[in-house]
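These notes concern the structure reproduced below.
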Amino acid sequence: MNRQPKSTVTSSDDKKPRRSRPAVIDMDIHHEIRGLGDLLPYLPEQWKRYISDYGWVPERPIPFNQIRKDTKYRMDARPEDGATPGSDYELLKRQLLDEHHVEYGMLTGWFYEATVCKGWYEFAAARASAYNDYTAEHWLDRDPRLLGSITIPREPAAAVREIDRMAAHPQMKQVMLPIADFAWGDPYYHPIFEAAHRHGLPIAMHLSAIITAQGGDFLRYYVAWRSVHPQAYMTQTISLITNGVFDKYPDLQVSLVEGGFEWVPFMMHRMDSAYKALRQETPWVKRMPSAYFRDNMRFTTQPWDDLSGEQFMHIIGLMESDEMLMYASDYPHWDFDPAARTLPPGIPETLRRKILYDNARSYLRL
Amino acid sequence: MKIRVCSYAELEAEGKRAVVADRKAVVIVRARDGRVYALRDVCPHKGPCLSAGMIDRGCAGERVGVYVYEPEVEVLRCPWHSWEFDIRTGRSLFAPERVKVKTYPVTVEDGDIYVEVQ
């Protein structure tokens, strides 16, 4: 196990002449367990019994389904044996890695409940560890293109132990902090940032199913709940900056995954404006907030909001940086964005390459 | 030129069927009333085959919380982003003048389905 990732594309069919497509790093791939049974080999006996004998299942806090086959998944992503989409390596390899020329793919999983659940933290820590071991054995060890995100429990001491345990795996390239109804910038959580920083790992933040207070209320339709996700991401970015996370760990990188990016220049300017007047309230924040956005935060492209090239270039101009965005597909979820049809025509090729590859490579220190 | 693409019995069993006519990817769709339609089998948004999606009922509503199914409207729903295209016209439900899928004339003769793609 623990093979080193290769530095070049490994095609499923090396006999075919390689097409001249740009290299791609996909920063959001949701591999899945087929069911909780996949975790049993990695759980201590104490906790295994709750699943195998006593019917424990995770809390399901949001009520929504979509009126479509396979609801949150691409309709063509379910394996032939009927297993959960995203749980079949061979299908994921064919539909995503090979078809879309993904040189590296970041597995972000969909097991955030172990991090954001309330109470019973010993069990949560055991589930997080089991999920990491499952990911390493069933995914990372099978394909050097795949990279992993360390799932952690929320309780900081246990989270640090898990980061220390998994950071040695050469394909574990970031620590995942799912977004729920609390802000990760709070000093209580700083040991987690310290541990990631100590191991040279960036932090990823991705929405979880346990976001119920975006903007102060829980909206009654899925279309509304999904549309206000950026508010939850705004809360996290502001929390990180005002709690001095980036002053403590100046070269820490944080990626905000699946939360949009059009709002980013708005928040950069709004926070800068507030900082000029209110700096004395948080004097440990030493730089203009927009500097932390540019130097310490990255944002992924999916879900792409169908911007034209001209609209997109306005946003890049307002950000004053072409290094803040990274491509993500969100495979196998329904709002999947293929690499070749995400960025609009009419943008500079250097920018396209940075978003599809270079910015992620730098973030991941590949 | 009319091209035979499949039998009506094959379509009846599946509801929709991906075919190739003169090197063009086409999806044949059977409506609830038995009529047959043909659309280009490519979503104009991100490119997946619409034939991998699903046929769904048209749904309208004027008041919050009230859903009205329109028996005359059936849609082909994209397998990825759920965009809805009217199977009769190829027009999307959200921007029918601007976003649409090409449609082709279809005939059923002696139990076989023919498409004109030119």
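All residue names refer to the structure tokens as shown: chains lettered A, B, ... in order, residues numbered from 1 in each chain, ligands numbered from 1 in order.
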
Would you write out, as a Markdown table, a table of all residues in chain A that have an atom no more than 9 Å from an atom of chain B, listing for each the closest atom pair and the distance in Å to one decimal, considering only C-alpha atoms and ordering rows by chain and rising residue number?
| residue | atom | partner | partner_atom | distance |
| --- | --- | --- | --- | --- |
| A:Ile67 | CA | B:Asp56 | CA | 9.0 |
| A:Arg68 | CA | B:Met54 | CA | 7.6 |
| A:Lys69 | CA | B:Met54 | CA | 7.2 |
| A:Tyr73 | CA | B:Trp80 | CA | 7.8 |
| A:Arg74 | CA | B:Trp80 | CA | 5.0 |
| A:Met75 | CA | B:Pro79 | CA | 4.7 |
| A:Asp76 | CA | B:Ala52 | CA | 6.1 |
| A:Asp306 | CA | B:His45 | CA | 8.9 |
| A:His333 | CA | B:Trp80 | CA | 7.9 |
| A:Trp334 | CA | B:Trp80 | CA | 4.8 |
| A:Asp335 | CA | B:His81 | CA | 5.1 |
| A:Phe336 | CA | B:Trp80 | CA | 6.5 |
| A:Asp337 | CA | B:Lys46 | CA | 7.4 |
| A:Pro338 | CA | B:Lys46 | CA | 7.3 |
| A:Arg341 | CA | B:Lys46 | CA | 6.0 |
| A:Thr342 | CA | B:Lys46 | CA | 7.9 |

> Hey, what's within 12 Å of Pro44 (chain B) if we count only C-alpha atoms and toss same-chain stuff fewer than 5 positions away? As a PyMOL selection string, please?
Replying inline: (chain A and resi 341) or (chain B and resi 39+49-50+78+80-81+83-85+90-92+98-102)

>> Report as a ChimeraX atom specification all protein, DNA and RNA residues lying within 9 Å of Pro22 (chain A), evaluated on only C-alpha atoms, omitting residues in the same chain fewer than 6 positions from it.
In response: /A:101,340,352-353,356-357

Those residues you just picked out, can you put them in a file as an mmCIF file, in the first residue's frame with all heavy atoms?
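Writing done, so here's selection32.cif:
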data_model
loop_
_atom_site.group_PDB
_atom_site.id
_atom_site.type_symbol
_atom_site.label_atom_id
_atom_site.label_comp_id
_atom_site.auth_asym_id
_atom_site.auth_seq_id
_atom_site.Cartn_x
_atom_site.Cartn_y
_atom_site.Cartn_z
ATOM 1 N N HIS A 101 -9.835 12.637 -18.447
ATOM 2 C CA HIS A 101 -8.389 12.880 -18.404
ATOM 3 C C HIS A 101 -7.949 13.530 -17.094
ATOM 4 O O HIS A 101 -7.234 14.533 -17.090
ATOM 5 C CB HIS A 101 -7.967 13.740 -19.599
ATOM 6 C CG HIS A 101 -8.309 13.112 -20.913
ATOM 7 N ND1 HIS A 101 -7.377 12.433 -21.672
ATOM 8 C CD2 HIS A 101 -9.479 13.007 -21.575
ATOM 9 C CE1 HIS A 101 -7.974 11.964 -22.758
ATOM 10 N NE2 HIS A 101 -9.247 12.290 -22.722
ATOM 11 N N ALA A 340 -14.048 19.639 -19.597
ATOM 12 C CA ALA A 340 -13.967 20.265 -20.918
ATOM 13 C C ALA A 340 -15.116 21.238 -21.176
ATOM 14 O O ALA A 340 -15.054 22.034 -22.110
ATOM 15 C CB ALA A 340 -13.948 19.187 -21.998
ATOM 16 N N ARG A 352 -7.201 29.323 -18.095
ATOM 17 C CA ARG A 352 -7.856 28.010 -18.163
ATOM 18 C C ARG A 352 -6.951 26.936 -17.545
ATOM 19 O O ARG A 352 -7.387 26.113 -16.738
ATOM 20 C CB ARG A 352 -8.177 27.679 -19.620
ATOM 21 C CG ARG A 352 -9.023 26.422 -19.825
ATOM 22 C CD ARG A 352 -9.278 26.200 -21.310
ATOM 23 N NE ARG A 352 -9.976 27.314 -21.932
ATOM 24 C CZ ARG A 352 -11.301 27.473 -21.917
ATOM 25 N NH1 ARG A 352 -12.059 26.583 -21.321
ATOM 26 N NH2 ARG A 352 -11.858 28.514 -22.491
ATOM 27 N N ARG A 353 -5.688 26.984 -17.918
ATOM 28 C CA ARG A 353 -4.750 25.974 -17.393
ATOM 29 C C ARG A 353 -4.560 26.111 -15.885
ATOM 30 O O ARG A 353 -4.471 25.127 -15.167
ATOM 31 C CB ARG A 353 -3.406 26.105 -18.115
ATOM 32 C CG ARG A 353 -2.390 25.086 -17.645
ATOM 33 C CD ARG A 353 -1.026 25.249 -18.281
ATOM 34 N NE ARG A 353 -0.022 24.533 -17.501
ATOM 35 C CZ ARG A 353 0.227 23.232 -17.612
ATOM 36 N NH1 ARG A 353 -0.435 22.518 -18.478
ATOM 37 N NH2 ARG A 353 1.134 22.656 -16.849
ATOM 38 N N LEU A 356 -7.767 24.644 -14.271
ATOM 39 C CA LEU A 356 -7.905 23.194 -14.440
ATOM 40 C C LEU A 356 -6.785 22.421 -13.766
ATOM 41 O O LEU A 356 -6.961 21.248 -13.432
ATOM 42 C CB LEU A 356 -7.943 22.833 -15.926
ATOM 43 C CG LEU A 356 -9.187 23.236 -16.698
ATOM 44 C CD1 LEU A 356 -9.027 22.895 -18.180
ATOM 45 C CD2 LEU A 356 -10.436 22.577 -16.144
ATOM 46 N N TYR A 357 -5.627 23.062 -13.535
ATOM 47 C CA TYR A 357 -4.486 22.256 -13.087
ATOM 48 C C TYR A 357 -3.529 22.994 -12.143
ATOM 49 O O TYR A 357 -3.347 22.568 -11.001
ATOM 50 C CB TYR A 357 -3.712 21.787 -14.323
ATOM 51 C CG TYR A 357 -2.639 20.778 -14.015
ATOM 52 C CD1 TYR A 357 -2.949 19.428 -13.915
ATOM 53 C CD2 TYR A 357 -1.318 21.160 -13.835
ATOM 54 C CE1 TYR A 357 -1.971 18.491 -13.614
ATOM 55 C CE2 TYR A 357 -0.330 20.238 -13.539
ATOM 56 C CZ TYR A 357 -0.658 18.904 -13.438
ATOM 57 O OH TYR A 357 0.300 17.993 -13.145
#

>> When DSSP is applied to the backbone of this structure, which of region 259-363 of chain A are assigned strand (DSSP E)? Write them out as an MDAnalysis selection string.
In response: chainID A and resid 297:300 325:326

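Using only C-alpha atoms, the smallest distance between any of B:Gly65, B:Gly58, B:Gly15, B:Pro96 and Gly34 (chain B) comes from B:Gly15.
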
>> Neighbouring residues of Ala125 (chain A) were defined as those with any atom within 10 Å, considering only C-alpha atoms; residues of the same chain fewer than 5 positions away were excluded. Please report them as a list in words.
In response: Ala114, Thr115, Trp120, Ala130, Tyr131, Thr151, Ile152, Pro153, Arg154, Glu155, Ala158, Ala159, Arg161 and Glu162 of chain A
